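Next up, entry10.pdb (PDB, C-alpha atoms):
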ATOM      1  CA  MET A  16     134.390 168.931  85.282
ATOM      2  CA  ASN A  17     136.787 166.856  83.160
ATOM      3  CA  ASP A  18     135.903 163.777  85.236
ATOM      4  CA  VAL A  19     132.185 164.471  84.750
ATOM      5  CA  ALA A  20     132.661 164.951  81.011
ATOM      6  CA  LEU A  21     134.591 161.659  80.698
ATOM      7  CA  ALA A  22     131.982 159.746  82.726
ATOM      8  CA  ALA A  23     129.091 161.201  80.711
ATOM      9  CA  LYS A  24     131.007 160.904  77.405
ATOM     10  CA  VAL A  25     130.403 164.584  76.570
ATOM     11  CA  SER A  26     132.570 167.705  76.328
ATOM     12  CA  THR A  27     133.369 169.924  79.301
ATOM     13  CA  ALA A  28     131.482 172.696  77.487
ATOM     14  CA  THR A  29     128.333 170.560  77.583
ATOM     15  CA  VAL A  30     128.815 169.958  81.301
ATOM     16  CA  SER A  31     129.119 173.726  81.775
ATOM     17  CA  HIS A  32     125.926 174.354  79.810
ATOM     18  CA  VAL A  33     124.034 171.817  81.918
ATOM     19  CA  LEU A  34     125.313 173.361  85.187
ATOM     20  CA  ASN A  35     124.733 176.973  84.198
ATOM     21  CA  GLY A  36     121.706 176.691  81.927
ATOM     22  CA  THR A  37     123.515 178.690  79.251
ATOM     23  CA  ARG A  38     122.293 176.576  76.329
ATOM     24  CA  VAL A  39     119.504 174.107  75.634
ATOM     25  CA  VAL A  40     120.833 170.551  76.055
ATOM     26  CA  HIS A  41     119.027 167.368  75.006
ATOM     27  CA  PRO A  42     117.204 165.775  77.995
ATOM     28  CA  ASP A  43     119.069 162.473  77.574
ATOM     29  CA  THR A  44     122.376 164.332  77.737
ATOM     30  CA  VAL A  45     121.245 166.275  80.808
ATOM     31  CA  ARG A  46     120.382 163.009  82.565
ATOM     32  CA  ALA A  47     123.771 161.536  81.610
ATOM     33  CA  VAL A  48     125.611 164.577  82.972
ATOM     34  CA  GLU A  49     123.562 164.569  86.197
ATOM     35  CA  ALA A  50     124.302 160.861  86.688
ATOM     36  CA  ALA A  51     128.010 161.503  86.136
ATOM     37  CA  ILE A  52     127.955 164.382  88.640
ATOM     38  CA  ALA A  53     126.440 162.067  91.238
ATOM     39  CA  LYS A  54     128.930 159.322  90.420
ATOM     40  CA  VAL A  55     132.100 161.439  90.714
ATOM     41  CA  GLY A  56     130.782 163.653  93.548
ATOM     42  CA  TYR A  57     131.418 166.898  91.678
ATOM     43  CA  THR A  58     130.726 170.181  93.498
ATOM     44  CA  PRO A  59     131.023 173.463  91.543
ATOM     45  CA  ASN A  60     133.720 175.829  92.825
ATOM     46  CA  ILE A  61     131.608 178.882  93.549
ATOM     47  CA  LEU A  62     134.605 181.067  94.368
ATOM     48  CA  ALA A  63     136.376 180.230  91.121
ATOM     49  CA  ARG A  64     133.176 180.807  89.195
ATOM     50  CA  SER A  65     132.665 184.206  90.861
ATOM     51  CA  LEU A  66     136.232 185.223  89.996
ATOM     52  CA  ALA A  67     135.674 184.272  86.376
ATOM     53  CA  ARG A  68     132.293 186.031  86.144
ATOM     54  CA  SER A  69     133.195 188.993  88.413
ATOM     55  CA  ALA A  70     129.965 188.203  90.249
ATOM     56  CA  SER A  71     129.318 185.978  93.250
ATOM     57  CA  SER A  72     125.489 185.857  93.292
ATOM     58  CA  THR A  73     125.844 186.806  96.956
ATOM     59  CA  ILE A  74     124.370 189.779  98.810
ATOM     60  CA  GLY A  75     125.848 191.238 101.985
ATOM     61  CA  VAL A  76     123.599 192.485 104.798
ATOM     62  CA  ALA A  77     125.065 194.674 107.550
ATOM     63  CA  ILE A  78     122.301 195.436 110.054
ATOM     64  CA  ALA A  79     121.973 195.301 113.852
ATOM     65  CA  ALA A  80     119.193 192.705 113.629
ATOM     66  CA  VAL A  81     120.256 190.606 116.623
ATOM     67  CA  SER A  82     120.588 193.529 119.033
ATOM     68  CA  ASN A  83     117.486 195.340 117.684
ATOM     69  CA  HIS A  84     114.398 193.192 117.183
ATOM     70  CA  TYR A  85     112.871 195.796 114.862
ATOM     71  CA  PHE A  86     115.218 194.773 112.040
ATOM     72  CA  SER A  87     114.452 191.040 112.178
ATOM     73  CA  GLY A  88     111.363 191.349 109.977
ATOM     74  CA  THR A  89     113.324 193.388 107.455
ATOM     75  CA  VAL A  90     116.111 190.803 107.286
ATOM     76  CA  HIS A  91     113.538 188.010 106.902
ATOM     77  CA  ALA A  92     112.047 189.790 103.882
ATOM     78  CA  ILE A  93     115.514 190.341 102.386
ATOM     79  CA  GLU A  94     116.339 186.656 102.793
ATOM     80  CA  ALA A  95     113.071 185.596 101.150
ATOM     81  CA  GLU A  96     113.662 187.853  98.141
ATOM     82  CA  CYS A  97     117.268 186.629  97.832
ATOM     83  CA  SER A  98     115.983 183.066  97.765
ATOM     84  CA  ARG A  99     113.458 183.943  95.068
ATOM     85  CA  LEU A 100     116.197 185.537  92.957
ATOM     86  CA  GLY A 101     118.560 182.581  93.456
ATOM     87  CA  LEU A 102     121.010 184.660  95.501
ATOM     88  CA  ALA A 103     122.866 183.781  98.687
ATOM     89  CA  MET A 104     122.899 186.161 101.654
ATOM     90  CA  LEU A 105     125.823 186.872 103.983
ATOM     91  CA  PHE A 106     124.645 188.539 107.209
ATOM     92  CA  VAL A 107     126.802 190.443 109.691
ATOM     93  CA  ASP A 108     125.339 192.073 112.819
ATOM     94  CA  THR A 109     126.869 195.536 113.266
ATOM     95  CA  HIS A 110     125.605 195.870 116.870
ATOM     96  CA  ASP A 111     125.034 199.536 115.953
ATOM     97  CA  ASP A 112     128.720 200.102 116.727
ATOM     98  CA  PRO A 113     130.640 202.285 114.212
ATOM     99  CA  ALA A 114     133.917 200.353 114.541
ATOM    100  CA  GLN A 115     132.157 196.988 114.253
ATOM    101  CA  GLU A 116     130.112 198.087 111.241
ATOM    102  CA  LEU A 117     133.229 199.294 109.385
ATOM    103  CA  ARG A 118     134.838 195.878 109.954
ATOM    104  CA  ALA A 119     131.617 194.213 108.763
ATOM    105  CA  ILE A 120     131.469 196.287 105.584
ATOM    106  CA  LYS A 121     135.121 195.579 104.781
ATOM    107  CA  THR A 122     134.620 191.850 105.421
ATOM    108  CA  LEU A 123     131.623 191.682 103.087
ATOM    109  CA  HIS A 124     133.477 193.608 100.390
ATOM    110  CA  GLN A 125     136.522 191.344 100.692
ATOM    111  CA  ARG A 126     134.250 188.332 100.249
ATOM    112  CA  ARG A 127     133.257 189.772  96.861
ATOM    113  CA  VAL A 128     129.549 190.222  97.517
ATOM    114  CA  ASP A 129     127.722 191.763  94.549
ATOM    115  CA  GLY A 130     126.095 194.429  96.721
ATOM    116  CA  ILE A 131     125.351 195.423 100.294
ATOM    117  CA  LEU A 132     122.208 196.324 102.254
ATOM    118  CA  PHE A 133     123.215 198.517 105.162
ATOM    119  CA  ALA A 134     121.586 200.236 108.160
ATOM    120  CA  PRO A 135     124.244 202.763 109.277
ATOM    121  CA  ALA A 136     125.010 203.270 112.960
ATOM    122  CA  ALA A 137     125.394 206.678 114.602
ATOM    123  CA  ASP A 138     128.916 207.461 113.409
ATOM    124  CA  PRO A 139     129.744 211.198 113.199
ATOM    125  CA  GLU A 140     132.627 210.362 110.825
ATOM    126  CA  ARG A 141     130.464 208.148 108.569
ATOM    127  CA  ARG A 142     133.456 205.863 107.980
ATOM    128  CA  ALA A 143     131.522 202.899 106.567
ATOM    129  CA  LEU A 144     129.604 205.128 104.151
ATOM    130  CA  LYS A 145     132.842 206.724 102.934
ATOM    131  CA  TYR A 146     134.397 203.274 102.432
ATOM    132  CA  LEU A 147     131.429 202.050 100.376
ATOM    133  CA  GLN A 148     131.455 205.182  98.250
ATOM    134  CA  GLU A 149     135.196 205.071  97.590
ATOM    135  CA  ALA A 150     135.074 201.339  96.797
ATOM    136  CA  ASN A 151     132.067 201.910  94.523
ATOM    137  CA  VAL A 152     130.123 199.012  96.072
ATOM    138  CA  PRO A 153     126.445 198.797  94.991
ATOM    139  CA  THR A 154     124.685 199.707  98.232
ATOM    140  CA  VAL A 155     121.188 200.414  99.509
ATOM    141  CA  LEU A 156     120.717 202.094 102.885
ATOM    142  CA  VAL A 157     117.925 200.575 104.960
ATOM    143  CA  ASP A 158     115.752 202.505 107.456
ATOM    144  CA  ARG A 159     118.382 205.170 108.186
ATOM    145  CA  LEU A 160     118.453 207.451 105.181
ATOM    146  CA  MET A 161     121.833 209.098 105.637
ATOM    147  CA  SER A 162     123.003 210.099 102.152
ATOM    148  CA  THR A 163     121.465 210.704  98.726
ATOM    149  CA  ASP A 164     124.731 209.399  97.242
ATOM    150  CA  PHE A 165     123.189 205.944  97.819
ATOM    151  CA  ASP A 166     119.861 204.292  97.081
ATOM    152  CA  GLN A 167     117.868 204.174 100.324
ATOM    153  CA  VAL A 168     114.571 202.820 101.640
ATOM    154  CA  GLY A 169     112.818 203.812 104.863
ATOM    155  CA  VAL A 170     109.643 205.355 106.253
ATOM    156  CA  GLU A 171     108.291 208.878 106.496
ATOM    157  CA  ASN A 172     109.303 209.970 110.007
ATOM    158  CA  VAL A 173     108.443 213.661 110.411
ATOM    159  CA  ALA A 174     104.692 213.725 109.714
ATOM    160  CA  SER A 175     104.136 210.346 111.404
ATOM    161  CA  THR A 176     105.778 211.517 114.644
ATOM    162  CA  ALA A 177     103.774 214.724 114.471
ATOM    163  CA  GLN A 178     100.638 212.576 114.169
ATOM    164  CA  MET A 179     101.448 210.777 117.438
ATOM    165  CA  VAL A 180     102.019 214.079 119.260
ATOM    166  CA  ALA A 181      98.809 215.548 117.825
ATOM    167  CA  HIS A 182      96.950 212.482 119.091
ATOM    168  CA  LEU A 183      98.189 213.191 122.621
ATOM    169  CA  VAL A 184      97.256 216.862 122.269
ATOM    170  CA  GLY A 185      93.773 215.689 121.304
ATOM    171  CA  HIS A 186      93.618 213.881 124.650
ATOM    172  CA  GLY A 187      94.256 217.199 126.390
ATOM    173  CA  HIS A 188      97.989 216.860 127.081
ATOM    174  CA  ARG A 189     100.008 220.075 127.089
ATOM    175  CA  ARG A 190     103.310 218.907 128.606
ATOM    176  CA  ILE A 191     104.505 216.132 126.348
ATOM    177  CA  GLY A 192     107.937 214.628 126.896
ATOM    178  CA  PHE A 193     110.062 213.229 124.075
ATOM    179  CA  VAL A 194     112.722 210.524 124.390
ATOM    180  CA  SER A 195     114.962 210.863 121.330
ATOM    181  CA  GLY A 196     117.305 208.345 119.750
ATOM    182  CA  ALA A 197     121.038 208.515 119.083
ATOM    183  CA  PRO A 198     121.560 212.048 117.751
ATOM    184  CA  GLU A 199     123.636 211.119 114.673
ATOM    185  CA  LEU A 200     120.889 208.895 113.214
ATOM    186  CA  SER A 201     118.669 210.385 110.522
ATOM    187  CA  THR A 202     115.626 208.710 112.084
ATOM    188  CA  SER A 203     116.347 210.432 115.407
ATOM    189  CA  MET A 204     116.658 213.859 113.823
ATOM    190  CA  GLU A 205     113.541 213.441 111.692
ATOM    191  CA  ARG A 206     111.374 212.217 114.573
ATOM    192  CA  LEU A 207     112.532 215.072 116.782
ATOM    193  CA  GLN A 208     111.583 217.451 113.973
ATOM    194  CA  GLY A 209     108.124 215.867 113.847
ATOM    195  CA  TYR A 210     107.751 216.435 117.595
ATOM    196  CA  ARG A 211     108.706 220.111 117.222
ATOM    197  CA  ASP A 212     106.382 220.570 114.244
ATOM    198  CA  ALA A 213     103.423 219.140 116.168
ATOM    199  CA  LEU A 214     104.026 221.430 119.141
ATOM    200  CA  ALA A 215     104.105 224.429 116.837
ATOM    201  CA  GLN A 216     100.925 223.331 115.042
ATOM    202  CA  ALA A 217      99.175 222.953 118.413
ATOM    203  CA  GLY A 218     100.397 226.349 119.633
ATOM    204  CA  LEU A 219     102.447 224.759 122.430
ATOM    205  CA  PRO A 220     105.806 226.262 123.454
ATOM    206  CA  TRP A 221     109.111 224.498 122.875
ATOM    207  CA  ASP A 222     110.568 223.374 126.212
ATOM    208  CA  ALA A 223     114.032 221.829 125.927
ATOM    209  CA  SER A 224     113.708 220.253 129.379
ATOM    210  CA  LEU A 225     111.004 217.945 128.012
ATOM    211  CA  VAL A 226     113.399 216.390 125.482
ATOM    212  CA  ARG A 227     115.894 213.771 126.714
ATOM    213  CA  GLU A 228     118.247 211.528 124.750
ATOM    214  CA  GLY A 229     117.586 207.806 125.110
ATOM    215  CA  GLN A 230     120.441 206.747 122.795
ATOM    216  CA  SER A 231     118.077 204.387 120.933
ATOM    217  CA  THR A 232     118.221 201.683 123.609
ATOM    218  CA  ILE A 233     116.566 200.542 126.843
ATOM    219  CA  GLY A 234     118.852 201.665 129.689
ATOM    220  CA  PRO A 235     119.464 205.283 128.614
ATOM    221  CA  ALA A 236     115.736 205.664 127.826
ATOM    222  CA  ARG A 237     114.886 204.514 131.356
ATOM    223  CA  GLU A 238     117.235 207.144 132.791
ATOM    224  CA  ALA A 239     115.813 209.787 130.440
ATOM    225  CA  VAL A 240     112.291 209.161 131.748
ATOM    226  CA  LYS A 241     113.482 209.275 135.358
ATOM    227  CA  ALA A 242     114.857 212.747 134.608
ATOM    228  CA  LEU A 243     111.567 213.803 132.993
ATOM    229  CA  LEU A 244     109.522 212.582 135.963
ATOM    230  CA  ALA A 245     111.824 214.463 138.351
ATOM    231  CA  LEU A 246     111.006 217.827 136.759
ATOM    232  CA  PRO A 247     109.093 220.338 138.940
ATOM    233  CA  GLU A 248     106.283 220.033 136.387
ATOM    234  CA  PRO A 249     106.694 216.568 134.826
ATOM    235  CA  PRO A 250     105.095 215.612 131.517
ATOM    236  CA  THR A 251     101.664 214.001 131.452
ATOM    237  CA  ALA A 252     102.528 212.116 128.249
ATOM    238  CA  ILE A 253     105.728 210.766 126.692
ATOM    239  CA  VAL A 254     106.649 209.983 123.092
ATOM    240  CA  SER A 255     109.359 207.355 122.553
ATOM    241  CA  ALA A 256     111.310 207.455 119.286
ATOM    242  CA  ASN A 257     111.938 203.694 118.886
ATOM    243  CA  ASN A 258     110.910 200.267 120.146
ATOM    244  CA  LEU A 259     113.817 199.586 122.513
ATOM    245  CA  MET A 260     113.414 202.975 124.163
ATOM    246  CA  THR A 261     109.673 202.346 124.590
ATOM    247  CA  ILE A 262     110.538 199.393 126.823
ATOM    248  CA  GLY A 263     112.775 201.649 128.909
ATOM    249  CA  VAL A 264     110.066 204.327 129.063
ATOM    250  CA  VAL A 265     107.428 201.908 130.334
ATOM    251  CA  SER A 266     109.882 200.404 132.822
ATOM    252  CA  ALA A 267     110.763 203.802 134.343
ATOM    253  CA  ILE A 268     107.136 204.851 134.679
ATOM    254  CA  ARG A 269     106.267 201.609 136.457
ATOM    255  CA  GLU A 270     109.297 201.899 138.729
ATOM    256  CA  ALA A 271     107.977 205.321 139.745
ATOM    257  CA  GLY A 272     104.686 203.684 140.771
ATOM    258  CA  LEU A 273     102.705 205.604 138.140
ATOM    259  CA  ASP A 274      99.813 204.274 136.067
ATOM    260  CA  ILE A 275      99.813 204.186 132.248
ATOM    261  CA  PRO A 276      97.882 205.988 130.795
ATOM    262  CA  ASP A 277      96.075 207.661 133.720
ATOM    263  CA  ALA A 278      99.173 209.299 135.218
ATOM    264  CA  VAL A 279     101.406 209.274 132.125
ATOM    265  CA  ALA A 280     100.268 208.433 128.596
ATOM    266  CA  VAL A 281     102.777 206.697 126.297
ATOM    267  CA  VAL A 282     103.123 206.384 122.517
ATOM    268  CA  GLY A 283     106.119 204.997 120.647
ATOM    269  CA  PHE A 284     107.648 204.576 117.229
ATOM    270  CA  ASP A 285     107.960 200.962 115.977
ATOM    271  CA  ASP A 286     105.603 198.095 116.605
ATOM    272  CA  PHE A 287     106.911 194.782 117.936
ATOM    273  CA  ASP A 288     105.451 191.339 118.553
ATOM    274  CA  TRP A 289     104.611 191.823 122.212
ATOM    275  CA  ALA A 290     103.419 195.475 122.040
ATOM    276  CA  GLU A 291      99.815 194.308 121.871
ATOM    277  CA  TYR A 292     100.313 192.141 124.949
ATOM    278  CA  PHE A 293     101.748 194.821 127.256
ATOM    279  CA  GLU A 294      99.413 196.035 129.956
ATOM    280  CA  PRO A 295      98.185 198.452 128.855
ATOM    281  CA  ARG A 296      98.496 197.592 125.171
ATOM    282  CA  LEU A 297     100.961 199.982 123.534
ATOM    283  CA  THR A 298      99.934 202.637 121.034
ATOM    284  CA  VAL A 299     102.660 202.757 118.384
ATOM    285  CA  MET A 300     103.571 203.904 114.888
ATOM    286  CA  ALA A 301     104.175 200.627 113.045
ATOM    287  CA  GLN A 302     106.718 200.529 110.251
ATOM    288  CA  PRO A 303     106.162 198.235 107.234
ATOM    289  CA  VAL A 304     109.335 196.260 107.979
ATOM    290  CA  GLN A 305     108.630 193.501 105.450
ATOM    291  CA  ASP A 306     107.995 196.019 102.663
ATOM    292  CA  ILE A 307     111.161 197.914 103.567
ATOM    293  CA  GLY A 308     113.243 194.741 103.203
ATOM    294  CA  LEU A 309     111.562 193.727  99.945
ATOM    295  CA  ARG A 310     111.886 197.173  98.352
ATOM    296  CA  ALA A 311     115.507 197.478  99.477
ATOM    297  CA  MET A 312     116.410 194.107  97.953
ATOM    298  CA  LYS A 313     114.667 194.924  94.675
ATOM    299  CA  LEU A 314     116.446 198.273  94.533
ATOM    300  CA  LEU A 315     119.825 196.634  95.203
ATOM    301  CA  ASN A 316     119.259 194.034  92.498
ATOM    302  CA  LYS A 317     118.485 196.842  90.076
ATOM    303  CA  ARG A 318     121.569 198.813  91.167
ATOM    304  CA  ILE A 319     123.859 195.786  90.645
ATOM    305  CA  LYS A 320     122.587 195.447  87.076
ATOM    306  CA  ALA A 321     122.782 199.195  86.347
ATOM    307  CA  PRO A 322     125.533 200.712  88.551
ATOM    308  CA  ASP A 323     125.458 204.208  87.043
ATOM    309  CA  GLY A 324     121.770 205.103  87.128
ATOM    310  CA  PRO A 325     120.352 207.917  89.301
ATOM    311  CA  ARG A 326     120.033 207.109  93.003
ATOM    312  CA  GLN A 327     116.560 206.695  94.499
ATOM    313  CA  THR A 328     115.140 207.447  97.933
ATOM    314  CA  VAL A 329     111.975 205.490  98.767
ATOM    315  CA  ARG A 330     109.765 206.580 101.680
ATOM    316  CA  LEU A 331     107.029 204.216 102.846
ATOM    317  CA  ALA A 332     104.090 205.199 105.049
ATOM    318  CA  PRO A 333     103.877 203.739 108.591
ATOM    319  CA  THR A 334     100.578 202.833 110.266
ATOM    320  CA  PHE A 335      99.342 204.370 113.526
ATOM    321  CA  MET A 336      98.255 201.494 115.791
ATOM    322  CA  VAL A 337      95.979 203.059 118.415
ATOM    323  CA  ARG A 338      95.663 200.878 121.524
ATOM    324  CA  ARG A 339      95.386 201.823 125.212
ATOM    325  CA  SER A 340      98.660 203.340 126.427
ATOM    326  CA  CYS A 341      97.762 206.694 124.870
ATOM    327  CA  GLY A 342      94.530 206.922 126.874
ATOM    328  CA  CYS A 343      92.108 205.555 124.278
ATOM    329  CA  ALA A 344      89.530 203.055 125.493
TER
END
Give the structure from this file in structure tokens form.
Amino acid sequence: MNDVALAAKVSTATVSHVLNGTRVVHPDTVRAVEAAIAKVGYTPNILARSLARSASSTIGVAIAAVSNHYFSGTVHAIEAECSRLGLAMLFVDTHDDPAQELRAIKTLHQRRVDGILFAPAADPERRALKYLQEANVPTVLVDRLMSTDFDQVGVENVASTAQMVAHLVGHGHRRIGFVSGAPELSTSMERLQGYRDALAQAGLPWDASLVREGQSTIGPAREAVKALLALPEPPTAIVSANNLMTIGVVSAIREAGLDIPDAVAVVGFDDFDWAEYFEPRLTVMAQPVQDIGLRAMKLLNKRIKAPDGPRQTVRLAPTFMVRRSCGCA
């Protein structure tokens, strides 16, 4: 900055004002400073500036967006809002692994990010959440609403899952299987509750043999459906609790040589790009992934500016996309 000031024949304070926009500077002076910056090749030291300001203008994102396609739209919306706000984004894929996500959270914190957007994995010990709380890091939980000690943004899961089950009941199904996600996830528990609520509302008995854990991914979901189809009285319809498991569900049914939806109807939570191009086209509950990312980023920006305000939980409504896999024409 001293070199720039000497070349432009101004004070270092004026150079700082031009760089940071902290005071109105005469246009001729601005042009002189900009020419001097180009001449000496000056690059601001962002790290030093963040240390001085106790703010880095950087947001950390810890989400399993590479391993789970569902999150990619959310991350895209977060990135767009960061860009609009003039913030940088540091992204770390947690791979939905508790040990990996704890390392990711610690890495982001050590890099002095101003706040973190976080989709917690299924960790019974909740180590990453405890770390964030103890370190007092401004944090917003995304999709998986695990603790009211944090701001959090996700969808309404119970009534929306019940709506999918009720739709199958309306098609005449009485034995409806359910492939649940990883049991420690809030989304898994809420969607299972929606399944139970719908059975009760329809006057159908609870049958534990019709519920199998798919661990929120393809392979275990495939095995779960194989177990359901091997029952003495297999289900005539199956509800999948997330997008990856829906792929496993469809795969297992096809491997068994059964037709969808004539032999087994299928509905799933989460829409994805190719759901409409499956044969048959998949009936799903579509989450507003872009809105989730945008609302989460806005909430985090607000939390960074006002760390001590009351925490908020935002629930957005998903959309039921009725196609053919449920039995509709």
| task | Could you expand the PyMOL selection byres ((chain A and resi 252) around 6) into the explicit residues it covers here, written as a ChimeraX atom specification? | result | /A:191,250-251,253,279-281
| task | Evaluate the PyMOL selection byres ((chain A and resi 126) around 10) on the structure here and hand back the selected residues as a VMD selection string. | result | chain A and resid 62 71 73 75 105 120 to 125 127 to 129
Give the centre and edge lengths of an axis-aligned box, in Å to one decimal, that holds all listed atoms of range 77-93 of chain A with 8 Å on each side, as lines of an AutoDock Vina configuration file.
center_x = 118.2
center_y = 191.9
center_z = 110.7
size_x = 29.7
size_y = 23.8
size_z = 32.6
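You will find CA of Arg211 in chain A at 27.9 Å from CA of Asp166 in chain A.
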| query | For Ala23 in chain A, which residue out of A:Gln230, A:Asn35, A:Thr44, A:Ser98 is the nearest one, using all atoms listed in the file? | reply |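 Using all atoms listed in the file, Ala23 in chain A sits closest to A:Thr44.
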| query | Between A:Lys317, A:Arg339, A:Arg330, A:Arg227, which one has atoms that come closest to Ala256 in chain A, using all atoms listed in the file? | reply |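 Closest candidate: A:Arg227.
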Distance query Ile233 in chain A at most 8 Å, all atoms listed in the file, self and fewer than 4 positions along chain excluded, as a compact mmCIF listing (two decimals) with C-alpha atoms, in the coordinates of the input:
# COMPACT_ATOMS: atom_id res chain seq x y z
CA GLY A 229 117.59 207.81 125.11
CA ARG A 237 114.89 204.51 131.36
CA LEU A 259 113.82 199.59 122.51
CA MET A 260 113.41 202.98 124.16
CA THR A 261 109.67 202.35 124.59
CA ILE A 262 110.54 199.39 126.82
CA GLY A 263 112.78 201.65 128.91
CA VAL A 264 110.07 204.33 129.06
| task | Pull out every residue that the PyMOL selection byres ((chain A and resi 243) around 12) matches in the shown coordinates and put them as a ChimeraX atom specification. | result | /A:190-194,222-229,236-242,244-254,264,267-268,271,279
| query | At what distance in Å, to one decimal, does CA of Ala213 in chain A lie from CA of Gln178 in chain A? | reply |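 Atom-to-atom, CA of Gln178 in chain A to CA of Ala213 in chain A, that is 7.4 Å.
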